[in-house]
>>> print(open('final_31.pdb').read())   # PDB, C-alpha atoms
ATOM      1  CA  MET V   1       0.000   0.000   0.000
ATOM      2  CA  LEU V   2       2.778   2.443   0.890
ATOM      3  CA  ALA V   3       4.694   1.726  -2.318
ATOM      4  CA  TYR V   4       1.512   2.193  -4.367
ATOM      5  CA  THR V   5       0.793   5.529  -2.686
ATOM      6  CA  ILE V   6       4.341   6.787  -3.297
ATOM      7  CA  ARG V   7       4.156   5.760  -6.975
ATOM      8  CA  ARG V   8       0.857   7.583  -7.414
ATOM      9  CA  LEU V   9       2.189  10.701  -5.714
ATOM     10  CA  LEU V  10       5.231  10.741  -8.000
ATOM     11  CA  ARG V  11       2.991  10.365 -11.053
ATOM     12  CA  MET V  12       1.068  13.447  -9.956
ATOM     13  CA  ILE V  13       4.088  15.705 -10.528
ATOM     14  CA  PRO V  14       4.051  15.710 -14.370
ATOM     15  CA  THR V  15       0.243  15.897 -14.306
ATOM     16  CA  LEU V  16       0.343  18.990 -12.098
ATOM     17  CA  ILE V  17       2.971  20.594 -14.360
ATOM     18  CA  VAL V  18       0.707  20.152 -17.392
ATOM     19  CA  ILE V  19      -2.314  21.420 -15.450
ATOM     20  CA  SER V  20      -0.395  24.487 -14.253
ATOM     21  CA  ILE V  21       0.589  25.370 -17.828
ATOM     22  CA  LEU V  22      -2.950  24.933 -19.141
ATOM     23  CA  SER V  23      -4.438  26.882 -16.235
ATOM     24  CA  PHE V  24      -2.039  29.778 -16.723
ATOM     25  CA  VAL V  25      -2.687  29.899 -20.469
ATOM     26  CA  ILE V  26      -6.472  29.765 -20.028
ATOM     27  CA  ILE V  27      -6.402  32.606 -17.506
ATOM     28  CA  GLN V  28      -4.395  34.708 -19.962
ATOM     29  CA  LEU V  29      -6.749  34.097 -22.905
ATOM     30  CA  PRO V  30      -9.066  37.101 -22.271
ATOM     31  CA  PRO V  31      -7.613  40.308 -23.727
ATOM     32  CA  GLY V  32      -5.832  42.628 -21.332
ATOM     33  CA  ASP V  33      -5.176  42.095 -17.644
ATOM     34  CA  PHE V  34      -6.425  43.276 -14.247
ATOM     35  CA  PHE V  35      -4.978  46.749 -14.663
ATOM     36  CA  ASP V  36      -6.623  47.164 -18.066
ATOM     37  CA  SER V  37      -9.969  46.332 -16.447
ATOM     38  CA  LEU V  38      -9.251  48.786 -13.637
ATOM     39  CA  GLN V  39      -8.362  51.523 -16.101
ATOM     40  CA  ALA V  40     -11.622  50.930 -17.983
ATOM     41  CA  GLN V  41     -13.604  51.187 -14.747
ATOM     42  CA  LEU V  42     -11.859  54.442 -13.819
ATOM     43  CA  ALA V  43     -12.557  55.845 -17.273
ATOM     44  CA  GLU V  44     -16.256  55.009 -16.953
ATOM     45  CA  SER V  45     -16.429  56.826 -13.607
ATOM     46  CA  ASP V  46     -14.595  59.870 -15.022
ATOM     47  CA  SER V  47     -11.699  59.284 -12.625
ATOM     48  CA  LYS V  48      -8.163  60.091 -13.641
ATOM     49  CA  ALA V  49      -5.894  57.133 -14.210
ATOM     50  CA  ASP V  50      -2.143  57.677 -13.881
ATOM     51  CA  GLN V  51      -0.664  55.751 -16.803
ATOM     52  CA  GLU V  52       2.833  55.827 -15.291
ATOM     53  CA  ALA V  53       1.523  54.247 -12.073
ATOM     54  CA  PHE V  54      -0.101  51.417 -14.017
ATOM     55  CA  THR V  55       3.084  50.879 -16.006
ATOM     56  CA  ALA V  56       5.092  50.657 -12.781
ATOM     57  CA  LEU V  57       2.609  48.153 -11.324
ATOM     58  CA  ARG V  58       2.844  45.982 -14.433
ATOM     59  CA  GLU V  59       6.621  45.975 -14.132
ATOM     60  CA  GLN V  60       6.418  45.184 -10.407
ATOM     61  CA  TYR V  61       4.239  42.121 -11.016
ATOM     62  CA  HIS V  62       6.077  41.069 -14.215
ATOM     63  CA  LEU V  63       2.997  41.621 -16.385
ATOM     64  CA  ASP V  64       5.177  43.386 -18.963
ATOM     65  CA  GLN V  65       7.173  40.167 -19.479
ATOM     66  CA  PRO V  66       6.437  37.467 -22.069
ATOM     67  CA  LEU V  67       3.893  34.825 -21.081
ATOM     68  CA  TRP V  68       6.456  32.098 -20.475
ATOM     69  CA  LYS V  69       8.436  34.328 -18.088
ATOM     70  CA  GLN V  70       5.277  35.223 -16.165
ATOM     71  CA  TYR V  71       4.554  31.509 -15.810
ATOM     72  CA  LEU V  72       8.055  30.791 -14.499
ATOM     73  CA  TYR V  73       7.785  33.618 -11.944
ATOM     74  CA  TRP V  74       4.460  32.235 -10.729
ATOM     75  CA  VAL V  75       5.512  28.574 -10.575
ATOM     76  CA  GLY V  76       8.814  29.463  -8.926
ATOM     77  CA  GLY V  77       6.928  31.307  -6.218
ATOM     78  CA  CYS V  78       4.435  28.451  -5.767
ATOM     79  CA  ILE V  79       7.268  26.003  -5.165
ATOM     80  CA  GLN V  80       8.530  28.292  -2.383
ATOM     81  CA  GLY V  81       5.044  28.731  -0.901
ATOM     82  CA  ASP V  82       4.463  32.170  -2.425
ATOM     83  CA  PHE V  83       1.332  31.959  -4.580
ATOM     84  CA  GLY V  84       1.473  35.564  -5.682
ATOM     85  CA  TYR V  85      -0.400  38.728  -4.811
ATOM     86  CA  SER V  86      -4.073  39.467  -5.354
ATOM     87  CA  PHE V  87      -4.386  42.687  -7.325
ATOM     88  CA  GLU V  88      -7.957  43.421  -6.280
ATOM     89  CA  TRP V  89      -7.699  42.481  -2.599
ATOM     90  CA  ARG V  90      -4.128  43.819  -2.269
ATOM     91  CA  ARG V  91      -3.151  40.881  -0.117
ATOM     92  CA  PRO V  92      -1.132  37.685  -0.588
ATOM     93  CA  VAL V  93      -3.151  34.918  -2.271
ATOM     94  CA  SER V  94      -2.217  32.394   0.420
ATOM     95  CA  GLU V  95      -3.820  34.576   3.127
ATOM     96  CA  LEU V  96      -7.053  35.037   1.162
ATOM     97  CA  ILE V  97      -7.467  31.330   0.469
ATOM     98  CA  ALA V  98      -6.496  30.293   4.006
ATOM     99  CA  GLU V  99      -9.203  32.552   5.454
ATOM    100  CA  ARG V 100     -11.960  30.818   3.493
ATOM    101  CA  LEU V 101     -10.615  27.316   3.049
ATOM    102  CA  GLY V 102     -11.375  26.170   6.598
ATOM    103  CA  LEU V 103     -15.068  27.105   6.421
ATOM    104  CA  THR V 104     -15.225  25.659   2.910
ATOM    105  CA  PHE V 105     -13.892  22.294   4.084
ATOM    106  CA  ILE V 106     -16.340  22.235   7.010
ATOM    107  CA  MET V 107     -19.276  22.899   4.693
ATOM    108  CA  SER V 108     -18.006  20.435   2.074
ATOM    109  CA  PHE V 109     -17.466  17.692   4.633
ATOM    110  CA  GLY V 110     -20.968  18.257   6.016
ATOM    111  CA  SER V 111     -22.461  18.115   2.506
ATOM    112  CA  LEU V 112     -20.552  14.922   1.743
ATOM    113  CA  LEU V 113     -21.764  13.233   4.932
ATOM    114  CA  PHE V 114     -25.314  14.384   4.204
ATOM    115  CA  MET V 115     -25.186  12.905   0.696
ATOM    116  CA  TRP V 116     -23.703   9.558   1.690
ATOM    117  CA  PHE V 117     -25.779   8.914   4.809
ATOM    118  CA  LEU V 118     -28.979   9.764   2.956
ATOM    119  CA  ALA V 119     -28.298   8.363  -0.519
ATOM    120  CA  ILE V 120     -27.014   4.907   0.468
ATOM    121  CA  PRO V 121     -29.999   3.769   2.609
ATOM    122  CA  ILE V 122     -32.495   5.232   0.137
ATOM    123  CA  GLY V 123     -30.753   3.542  -2.794
ATOM    124  CA  ILE V 124     -30.733   0.205  -0.963
ATOM    125  CA  TYR V 125     -34.423   0.532  -0.076
ATOM    126  CA  SER V 126     -35.407   1.443  -3.652
ATOM    127  CA  ALA V 127     -33.470  -1.495  -5.080
ATOM    128  CA  ARG V 128     -34.928  -4.005  -2.609
ATOM    129  CA  ASN V 129     -38.454  -2.668  -3.196
ATOM    130  CA  ARG V 130     -38.243  -2.091  -6.937
ATOM    131  CA  LEU V 131     -41.422  -0.748  -8.573
ATOM    132  CA  SER V 132     -43.142  -0.374  -5.204
ATOM    133  CA  PRO V 133     -44.995   2.842  -4.241
ATOM    134  CA  GLY V 134     -42.072   3.833  -2.022
ATOM    135  CA  ASP V 135     -39.637   3.333  -4.907
ATOM    136  CA  TYR V 136     -41.776   5.453  -7.217
ATOM    137  CA  LEU V 137     -42.007   8.229  -4.614
ATOM    138  CA  LEU V 138     -38.272   8.289  -3.913
ATOM    139  CA  THR V 139     -37.465   8.188  -7.642
ATOM    140  CA  PHE V 140     -39.835  11.117  -8.193
ATOM    141  CA  LEU V 141     -38.131  13.116  -5.437
ATOM    142  CA  ALA V 142     -34.721  12.250  -6.885
ATOM    143  CA  PHE V 143     -35.701  13.575 -10.297
ATOM    144  CA  ILE V 144     -36.948  16.791  -8.669
ATOM    145  CA  GLY V 145     -33.588  17.156  -6.925
ATOM    146  CA  LEU V 146     -31.801  16.690 -10.258
ATOM    147  CA  CYS V 147     -34.003  19.092 -12.222
ATOM    148  CA  VAL V 148     -34.445  22.011  -9.819
ATOM    149  CA  PRO V 149     -31.515  24.481 -10.004
ATOM    150  CA  GLY V 150     -29.451  24.828  -6.870
ATOM    151  CA  PHE V 151     -30.101  28.559  -6.478
ATOM    152  CA  VAL V 152     -33.874  27.898  -6.431
ATOM    153  CA  ILE V 153     -33.396  25.391  -3.603
ATOM    154  CA  ALA V 154     -31.206  28.013  -1.886
ATOM    155  CA  LEU V 155     -33.977  30.613  -2.070
ATOM    156  CA  ILE V 156     -36.536  28.132  -0.706
ATOM    157  CA  ALA V 157     -34.172  27.136   2.121
ATOM    158  CA  MET V 158     -33.621  30.802   2.998
ATOM    159  CA  TYR V 159     -37.387  31.383   3.144
ATOM    160  CA  VAL V 160     -37.885  28.334   5.384
ATOM    161  CA  SER V 161     -34.969  29.355   7.621
ATOM    162  CA  VAL V 162     -36.281  32.886   8.113
ATOM    163  CA  PHE V 163     -40.057  32.459   8.296
ATOM    164  CA  TRP V 164     -40.338  28.961   9.798
ATOM    165  CA  PHE V 165     -37.343  28.743  12.109
ATOM    166  CA  GLY V 166     -36.574  32.420  12.698
ATOM    167  CA  GLY V 167     -33.038  32.044  11.415
ATOM    168  CA  SER V 168     -30.934  34.321   9.241
ATOM    169  CA  ALA V 169     -31.342  34.846   5.489
ATOM    170  CA  GLY V 170     -27.852  33.671   4.596
ATOM    171  CA  GLY V 171     -24.212  33.510   5.586
ATOM    172  CA  LEU V 172     -22.574  31.214   8.100
ATOM    173  CA  PHE V 173     -22.546  33.549  11.114
ATOM    174  CA  SER V 174     -24.808  36.018  12.863
ATOM    175  CA  PRO V 175     -23.644  39.668  12.612
ATOM    176  CA  GLU V 176     -22.299  39.703  16.175
ATOM    177  CA  TYR V 177     -20.125  36.615  15.502
ATOM    178  CA  LEU V 178     -18.981  37.512  11.994
ATOM    179  CA  TYR V 179     -15.570  38.865  13.041
ATOM    180  CA  ALA V 180     -15.492  37.558  16.604
ATOM    181  CA  PRO V 181     -12.687  35.239  17.755
ATOM    182  CA  TRP V 182     -13.411  31.522  17.857
ATOM    183  CA  SER V 183     -15.292  30.337  20.925
ATOM    184  CA  LEU V 184     -17.942  27.784  21.848
ATOM    185  CA  ALA V 185     -20.635  30.411  21.239
ATOM    186  CA  ARG V 186     -19.277  31.136  17.746
ATOM    187  CA  ILE V 187     -19.061  27.415  16.914
ATOM    188  CA  TRP V 188     -22.671  26.937  18.031
ATOM    189  CA  ASP V 189     -23.721  29.907  15.897
ATOM    190  CA  LEU V 190     -21.907  28.337  12.911
ATOM    191  CA  LEU V 191     -23.735  25.026  13.420
ATOM    192  CA  GLN V 192     -27.066  26.859  13.533
ATOM    193  CA  HIS V 193     -26.383  28.413  10.126
ATOM    194  CA  LEU V 194     -24.545  25.467   8.542
ATOM    195  CA  TRP V 195     -27.576  23.257   7.858
ATOM    196  CA  VAL V 196     -28.932  25.534   5.119
ATOM    197  CA  PRO V 197     -25.889  25.387   2.735
ATOM    198  CA  VAL V 198     -25.319  21.704   3.579
ATOM    199  CA  LEU V 199     -28.911  20.905   2.633
ATOM    200  CA  VAL V 200     -28.853  23.007  -0.531
ATOM    201  CA  ILE V 201     -25.480  21.848  -1.867
ATOM    202  CA  GLY V 202     -26.111  18.237  -0.871
ATOM    203  CA  ALA V 203     -29.587  18.048  -2.447
ATOM    204  CA  ALA V 204     -28.528  17.541  -6.068
ATOM    205  CA  GLY V 205     -25.636  15.272  -5.061
ATOM    206  CA  THR V 206     -27.940  13.132  -2.941
ATOM    207  CA  ALA V 207     -30.351  12.672  -5.839
ATOM    208  CA  THR V 208     -27.523  11.636  -8.177
ATOM    209  CA  MET V 209     -25.927   9.218  -5.712
ATOM    210  CA  MET V 210     -29.278   7.701  -4.771
ATOM    211  CA  ARG V 211     -29.960   6.816  -8.406
ATOM    212  CA  LEU V 212     -26.423   5.472  -8.772
ATOM    213  CA  MET V 213     -26.723   3.314  -5.652
ATOM    214  CA  ARG V 214     -30.127   1.982  -6.729
ATOM    215  CA  THR V 215     -28.852   1.016 -10.198
ATOM    216  CA  SER V 216     -25.733  -0.623  -8.806
ATOM    217  CA  MET V 217     -27.735  -2.577  -6.215
ATOM    218  CA  LEU V 218     -30.142  -3.851  -8.869
ATOM    219  CA  ASP V 219     -27.209  -5.135 -10.918
ATOM    220  CA  VAL V 220     -25.588  -6.831  -7.928
ATOM    221  CA  LEU V 221     -28.805  -8.421  -6.636
ATOM    222  CA  GLY V 222     -29.114 -10.305  -9.922
ATOM    223  CA  GLU V 223     -25.638 -11.863  -9.646
ATOM    224  CA  PRO V 224     -25.320 -15.653  -9.163
ATOM    225  CA  TYR V 225     -23.403 -15.370  -5.886
ATOM    226  CA  ILE V 226     -26.338 -13.506  -4.316
ATOM    227  CA  THR V 227     -28.675 -16.314  -5.392
ATOM    228  CA  THR V 228     -26.218 -18.860  -3.959
ATOM    229  CA  ALA V 229     -26.036 -17.010  -0.639
ATOM    230  CA  ARG V 230     -29.815 -17.010  -0.372
ATOM    231  CA  ALA V 231     -29.966 -20.688  -1.326
ATOM    232  CA  LYS V 232     -27.619 -21.491   1.559
ATOM    233  CA  GLY V 233     -30.216 -20.062   3.924
ATOM    234  CA  LEU V 234     -28.358 -16.917   4.943
ATOM    235  CA  ALA V 235     -30.493 -14.192   6.479
ATOM    236  CA  GLU V 236     -31.650 -11.588   3.967
ATOM    237  CA  ARG V 237     -30.098  -8.747   5.975
ATOM    238  CA  TRP V 238     -26.749 -10.561   5.947
ATOM    239  CA  VAL V 239     -26.989 -11.165   2.191
ATOM    240  CA  ILE V 240     -27.765  -7.511   1.512
ATOM    241  CA  TYR V 241     -25.253  -5.784   3.752
ATOM    242  CA  LYS V 242     -22.454  -8.346   3.767
ATOM    243  CA  TYR V 243     -22.398  -9.287   0.091
ATOM    244  CA  ALA V 244     -24.521  -6.968  -2.055
ATOM    245  CA  VAL V 245     -23.781  -3.545  -0.569
ATOM    246  CA  ARG V 246     -20.060  -4.201  -0.317
ATOM    247  CA  VAL V 247     -19.873  -4.552  -4.111
ATOM    248  CA  ALA V 248     -22.661  -2.143  -5.073
ATOM    249  CA  ILE V 249     -20.985   0.732  -3.245
ATOM    250  CA  ASN V 250     -17.932   0.613  -5.538
ATOM    251  CA  PRO V 251     -19.255   3.124  -8.125
ATOM    252  CA  MET V 252     -20.021   5.602  -5.351
ATOM    253  CA  ILE V 253     -16.494   5.304  -4.013
ATOM    254  CA  SER V 254     -15.151   5.811  -7.545
ATOM    255  CA  ILE V 255     -16.872   9.179  -7.951
ATOM    256  CA  LEU V 256     -15.646  10.340  -4.534
ATOM    257  CA  GLY V 257     -12.496  11.736  -6.127
ATOM    258  CA  MET V 258     -14.574  13.978  -8.411
ATOM    259  CA  GLN V 259     -16.915  15.093  -5.636
ATOM    260  CA  ILE V 260     -14.216  16.539  -3.369
ATOM    261  CA  PRO V 261     -13.067  19.388  -5.683
ATOM    262  CA  GLN V 262     -16.675  20.051  -6.729
ATOM    263  CA  LEU V 263     -17.686  20.524  -3.109
ATOM    264  CA  VAL V 264     -14.681  22.695  -2.314
ATOM    265  CA  SER V 265     -15.300  24.975  -5.284
ATOM    266  CA  GLY V 266     -18.945  24.787  -4.260
ATOM    267  CA  SER V 267     -21.958  25.735  -6.291
ATOM    268  CA  ILE V 268     -20.780  29.253  -7.008
ATOM    269  CA  ILE V 269     -24.246  30.647  -7.725
ATOM    270  CA  VAL V 270     -25.620  28.981  -4.580
ATOM    271  CA  ALA V 271     -22.772  30.417  -2.498
ATOM    272  CA  ILE V 272     -23.407  33.891  -3.913
ATOM    273  CA  VAL V 273     -27.164  33.635  -3.248
ATOM    274  CA  LEU V 274     -26.591  32.477   0.326
ATOM    275  CA  GLY V 275     -23.781  34.974   0.926
ATOM    276  CA  LEU V 276     -21.331  32.290   2.023
ATOM    277  CA  PRO V 277     -17.757  33.331   2.923
ATOM    278  CA  THR V 278     -16.330  30.350   1.029
ATOM    279  CA  THR V 279     -13.923  29.930  -1.853
ATOM    280  CA  GLY V 280     -16.568  29.740  -4.607
ATOM    281  CA  PRO V 281     -17.511  33.453  -4.771
ATOM    282  CA  LEU V 282     -13.857  34.435  -4.351
ATOM    283  CA  PHE V 283     -12.895  32.232  -7.319
ATOM    284  CA  TYR V 284     -15.711  33.702  -9.426
ATOM    285  CA  ARG V 285     -14.621  37.247  -8.603
ATOM    286  CA  ALA V 286     -11.002  36.429  -9.468
ATOM    287  CA  LEU V 287     -12.049  35.158 -12.898
ATOM    288  CA  GLU V 288     -14.288  38.171 -13.453
ATOM    289  CA  THR V 289     -11.579  40.723 -12.663
ATOM    290  CA  GLN V 290      -8.724  38.717 -14.244
ATOM    291  CA  ASP V 291      -6.936  38.475 -10.898
ATOM    292  CA  MET V 292      -4.581  35.958 -12.455
ATOM    293  CA  TYR V 293      -2.571  34.770  -9.451
ATOM    294  CA  LEU V 294      -5.670  34.222  -7.303
ATOM    295  CA  ALA V 295      -7.573  32.422 -10.074
ATOM    296  CA  GLY V 296      -4.549  30.319 -11.049
ATOM    297  CA  THR V 297      -3.958  29.224  -7.462
ATOM    298  CA  PHE V 298      -7.604  28.176  -7.163
ATOM    299  CA  LEU V 299      -7.350  26.069 -10.307
ATOM    300  CA  MET V 300      -4.202  24.392  -9.020
ATOM    301  CA  LEU V 301      -5.851  23.740  -5.655
ATOM    302  CA  LEU V 302      -8.817  22.058  -7.349
ATOM    303  CA  ALA V 303      -6.447  19.974  -9.482
ATOM    304  CA  VAL V 304      -4.523  18.792  -6.415
ATOM    305  CA  LEU V 305      -7.776  17.913  -4.642
ATOM    306  CA  LEU V 306      -8.962  15.966  -7.690
ATOM    307  CA  LEU V 307      -5.765  13.925  -7.864
ATOM    308  CA  LEU V 308      -5.701  13.271  -4.115
ATOM    309  CA  GLY V 309      -9.409  12.411  -4.186
ATOM    310  CA  ASN V 310      -8.857   9.837  -6.924
ATOM    311  CA  LEU V 311      -5.977   8.339  -4.943
ATOM    312  CA  LEU V 312      -8.178   8.138  -1.836
ATOM    313  CA  ALA V 313     -10.989   6.559  -3.876
ATOM    314  CA  ASP V 314      -8.637   3.883  -5.241
ATOM    315  CA  ILE V 315      -7.388   3.033  -1.752
ATOM    316  CA  LEU V 316     -10.940   2.853  -0.380
ATOM    317  CA  LEU V 317     -11.983   0.622  -3.300
ATOM    318  CA  ALA V 318      -9.206  -1.826  -2.488
ATOM    319  CA  TRP V 319     -10.266  -1.813   1.166
ATOM    320  CA  ALA V 320     -13.992  -2.256   0.413
ATOM    321  CA  ASP V 321     -13.683  -4.913  -2.294
ATOM    322  CA  PRO V 322     -11.181  -7.746  -1.718
ATOM    323  CA  ARG V 323     -11.221  -8.531  -5.457
ATOM    324  CA  ILE V 324      -9.377  -5.272  -6.172
ATOM    325  CA  ARG V 325      -5.613  -5.229  -5.826
ATOM    326  CA  LEU V 326      -3.320  -2.218  -5.921
ATOM    327  CA  ASP V 327      -0.352  -4.126  -7.339
TER     328      ASP V 327
END
>>> encode(input="final_31.pdb", output="structure tokens")
Amino acid sequence: MLAYTIRRLLRMIPTLIVISILSFVIIQLPPGDFFDSLQAQLAESDSKADQEAFTALREQYHLDQPLWKQYLYWVGGCIQGDFGYSFEWRRPVSELIAERLGLTFIMSFGSLLFMWFLAIPIGIYSARNRLSPGDYLLTFLAFIGLCVPGFVIALIAMYVSVFWFGGSAGGLFSPEYLYAPWSLARIWDLLQHLWVPVLVIGAAGTATMMRLMRTSMLDVLGEPYITTARAKGLAERWVIYKYAVRVAINPMISILGMQIPQLVSGSIIVAIVLGLPTTGPLFYRALETQDMYLAGTFLMLLAVLLLLGNLLADILLAWADPRIRLD
């Protein structure tokens, strides 16, 4: 297992190099840069823009250099832990991401637990009771979860939170705890607000995973070894959870690697609607303003999470299914 993990980690290096090049090129595709956008905004507001100041800023951040030199400056800094400077926020990129990454991981982990603990039992029930009224009802609800946009669910959840439970209309903290130091009271306030984004972001994922689990269970329940286990007189619960679920859960583990970066980036529109202080709105703003170092670091972070998530999924698959070997 250790040798396999080391090999996979070493193989990630050339992949990350290619991803960094593509990310940097894609970010540079729109015409101009951040300072061009800022100059245009100042011109629209009839404000004076000092051309010499903008030229000096471009030289300071190497934006006057060829594209390949800009890439080398950025990658060289990333290797040393310096991910660049955010032009709009006027702060180091590492500080901006660190501020929001913790809350993003908490919300993503909660959404992931919500999806798995809800989708797996429902998928098992639907497969065992195929074409029953309960199966039809759950399938209908799953299709609603797939079809309704996330921001609509966010608006409904905000209405329910405010008018049914007397909660806030968005965000993860009450105004008095927004900038307060961490304490038990602030953690409790976070938990009181956390259920809304967890429910909204996890809704579509739960519907997808429920359908996946149901389909996988139906395939496994028709296998000969399940029929043999039942013929031996094993209890139905033992057949389902010992033999069927252990194999049927494999596709869900496989998509775990893709779910992690999706949850960390978050549903950007949902995060904007709910006013969440997570990485999604910050990433969207960086792309909108061509804040190249901030946007590029986000893309690299998502790439790293995708690769690590796939590695974790492969290890969990080998642990869950004894037929799978890592060698």
>>> atom_distance(input="final_31.pdb", atom1="atom CA of V:Ile26", atom2="atom CA of V:Gly205")
28.3 Å
>>> resolve_selection(input="final_31.pdb", expression="the PyMOL selection byres ((chain V and resi 87) around 10)", output="number ranges by chain")
V: 34-35, 57, 61, 84-86, 88-93, 286, 289-294
>>> atom_distance(input="final_31.pdb", atom1="atom CA of V:Leu316", atom2="atom CA of V:Ile226")
22.8 Å
>>> atom_distance(input="final_31.pdb", atom1="atom CA of V:Leu287", atom2="atom CA of V:Pro175")
28.4 Å
>>> residues_around(input="final_31.pdb", residues="stretch 257-265 of chain V", least_positions_apart="4", cutoff="7 Å", atoms="all atoms listed in the file", output="PyMOL selection string")
chain V and resi 104-105+108+279-280+302+305-306+309-310+313
>>> resolve_selection(input="final_31.pdb", expression="the PyMOL selection byres ((chain V and resi 71) around 12)", output="VMD selection string")
chain V and resid 17 20 to 28 61 to 63 65 to 70 72 to 78 83 to 84 292 to 293 296
>>> closest_residue(input="final_31.pdb", among="V:Ile269, V:Leu311, V:Leu29, V:Met210", to="V:Leu282", atoms="only C-alpha atoms")
V:Ile269
>>> resolve_selection(input="final_31.pdb", expression="the PyMOL selection byres ((chain V and resi 253) around 9)", output="PyMOL selection string")
chain V and resi 249-252+254-257+313-314+316-317
>>> closest_residue(input="final_31.pdb", among="V:Leu194, V:Val245, V:Leu178, V:Leu218", to="V:Gly110", atoms="only C-alpha atoms")
V:Leu194
>>> closest_residue(input="final_31.pdb", among="V:Tyr125, V:Trp164, V:Trp182, V:Phe173", to="V:Pro277", atoms="only C-alpha atoms")
V:Phe173
>>> axis_aligned_box(input="final_31.pdb", around="stretch 265-282 of chain V", padding_each_side="4 Å", output="AutoDock Vina command-line options")
--center_x -20.5 --center_y 29.9 --center_z -2.4 --size_x 21.3 --size_y 18.2 --size_z 18.6
>>> closest_atom_pairs(input="final_31.pdb", of="stretch 203-297 of chain V", to="stretch 142-157 of chain V", cutoff="7 Å", atoms="only C-alpha atoms", output="Markdown table")
| residue | atom | partner | partner_atom | distance |
| --- | --- | --- | --- | --- |
| V:Ala203 | CA | V:Gly145 | CA | 6.1 |
| V:Ala204 | CA | V:Gly145 | CA | 5.1 |
| V:Ala207 | CA | V:Ala142 | CA | 4.5 |
| V:Thr208 | CA | V:Leu146 | CA | 6.9 |
| V:Ile269 | CA | V:Phe151 | CA | 6.3 |
| V:Val270 | CA | V:Phe151 | CA | 4.9 |
| V:Val273 | CA | V:Phe151 | CA | 6.7 |
| V:Leu274 | CA | V:Ala154 | CA | 6.8 |
>>> closest_residue(input="final_31.pdb", among="V:Tyr4, V:Trp238, V:Trp319, V:Trp116", to="V:Leu212", atoms="only C-alpha atoms")
V:Trp116
>>> closest_residue(input="final_31.pdb", among="V:Val196, V:Ile187, V:Ala231, V:Leu312", to="V:Tyr159", atoms="all atoms listed in the file")
V:Val196
>>> build_atoms(input="final_31.pdb", residues="stretch 136-148 of chain V", atoms="N, CA and C atoms", output="PDB file, in the frame of the given file")
ATOM      1  N   TYR V 136     -41.294   4.414  -6.303  1.00  0.00           N
ATOM      2  CA  TYR V 136     -41.776   5.453  -7.217  1.00  0.00           C
ATOM      3  C   TYR V 136     -41.680   6.843  -6.571  1.00  0.00           C
ATOM      4  N   LEU V 137     -42.048   6.942  -5.307  1.00  0.00           N
ATOM      5  CA  LEU V 137     -42.007   8.229  -4.614  1.00  0.00           C
ATOM      6  C   LEU V 137     -40.577   8.741  -4.492  1.00  0.00           C
ATOM      7  N   LEU V 138     -39.665   7.872  -4.070  1.00  0.00           N
ATOM      8  CA  LEU V 138     -38.272   8.289  -3.913  1.00  0.00           C
ATOM      9  C   LEU V 138     -37.637   8.627  -5.258  1.00  0.00           C
ATOM     10  N   THR V 139     -37.977   7.876  -6.308  1.00  0.00           N
ATOM     11  CA  THR V 139     -37.465   8.188  -7.642  1.00  0.00           C
ATOM     12  C   THR V 139     -37.972   9.541  -8.120  1.00  0.00           C
ATOM     13  N   PHE V 140     -39.254   9.823  -7.832  1.00  0.00           N
ATOM     14  CA  PHE V 140     -39.835  11.117  -8.193  1.00  0.00           C
ATOM     15  C   PHE V 140     -39.111  12.261  -7.481  1.00  0.00           C
ATOM     16  N   LEU V 141     -38.848  12.085  -6.193  1.00  0.00           N
ATOM     17  CA  LEU V 141     -38.131  13.116  -5.437  1.00  0.00           C
ATOM     18  C   LEU V 141     -36.700  13.289  -5.948  1.00  0.00           C
ATOM     19  N   ALA V 142     -36.082  12.169  -6.350  1.00  0.00           N
ATOM     20  CA  ALA V 142     -34.721  12.250  -6.885  1.00  0.00           C
ATOM     21  C   ALA V 142     -34.684  13.042  -8.179  1.00  0.00           C
ATOM     22  N   PHE V 143     -35.666  12.822  -9.045  1.00  0.00           N
ATOM     23  CA  PHE V 143     -35.701  13.575 -10.297  1.00  0.00           C
ATOM     24  C   PHE V 143     -35.947  15.065 -10.045  1.00  0.00           C
ATOM     25  N   ILE V 144     -36.753  15.378  -9.033  1.00  0.00           N
ATOM     26  CA  ILE V 144     -36.948  16.791  -8.669  1.00  0.00           C
ATOM     27  C   ILE V 144     -35.625  17.398  -8.215  1.00  0.00           C
ATOM     28  N   GLY V 145     -34.882  16.660  -7.386  1.00  0.00           N
ATOM     29  CA  GLY V 145     -33.588  17.156  -6.925  1.00  0.00           C
ATOM     30  C   GLY V 145     -32.596  17.367  -8.053  1.00  0.00           C
ATOM     31  N   LEU V 146     -32.696  16.547  -9.117  1.00  0.00           N
ATOM     32  CA  LEU V 146     -31.801  16.690 -10.258  1.00  0.00           C
ATOM     33  C   LEU V 146     -32.206  17.849 -11.163  1.00  0.00           C
ATOM     34  N   CYS V 147     -33.506  18.110 -11.254  1.00  0.00           N
ATOM     35  CA  CYS V 147     -34.003  19.092 -12.222  1.00  0.00           C
ATOM     36  C   CYS V 147     -34.037  20.512 -11.668  1.00  0.00           C
ATOM     37  N   VAL V 148     -34.312  20.665 -10.388  1.00  0.00           N
ATOM     38  CA  VAL V 148     -34.445  22.011  -9.819  1.00  0.00           C
ATOM     39  C   VAL V 148     -33.055  22.628  -9.646  1.00  0.00           C
TER      40      VAL V 148
END
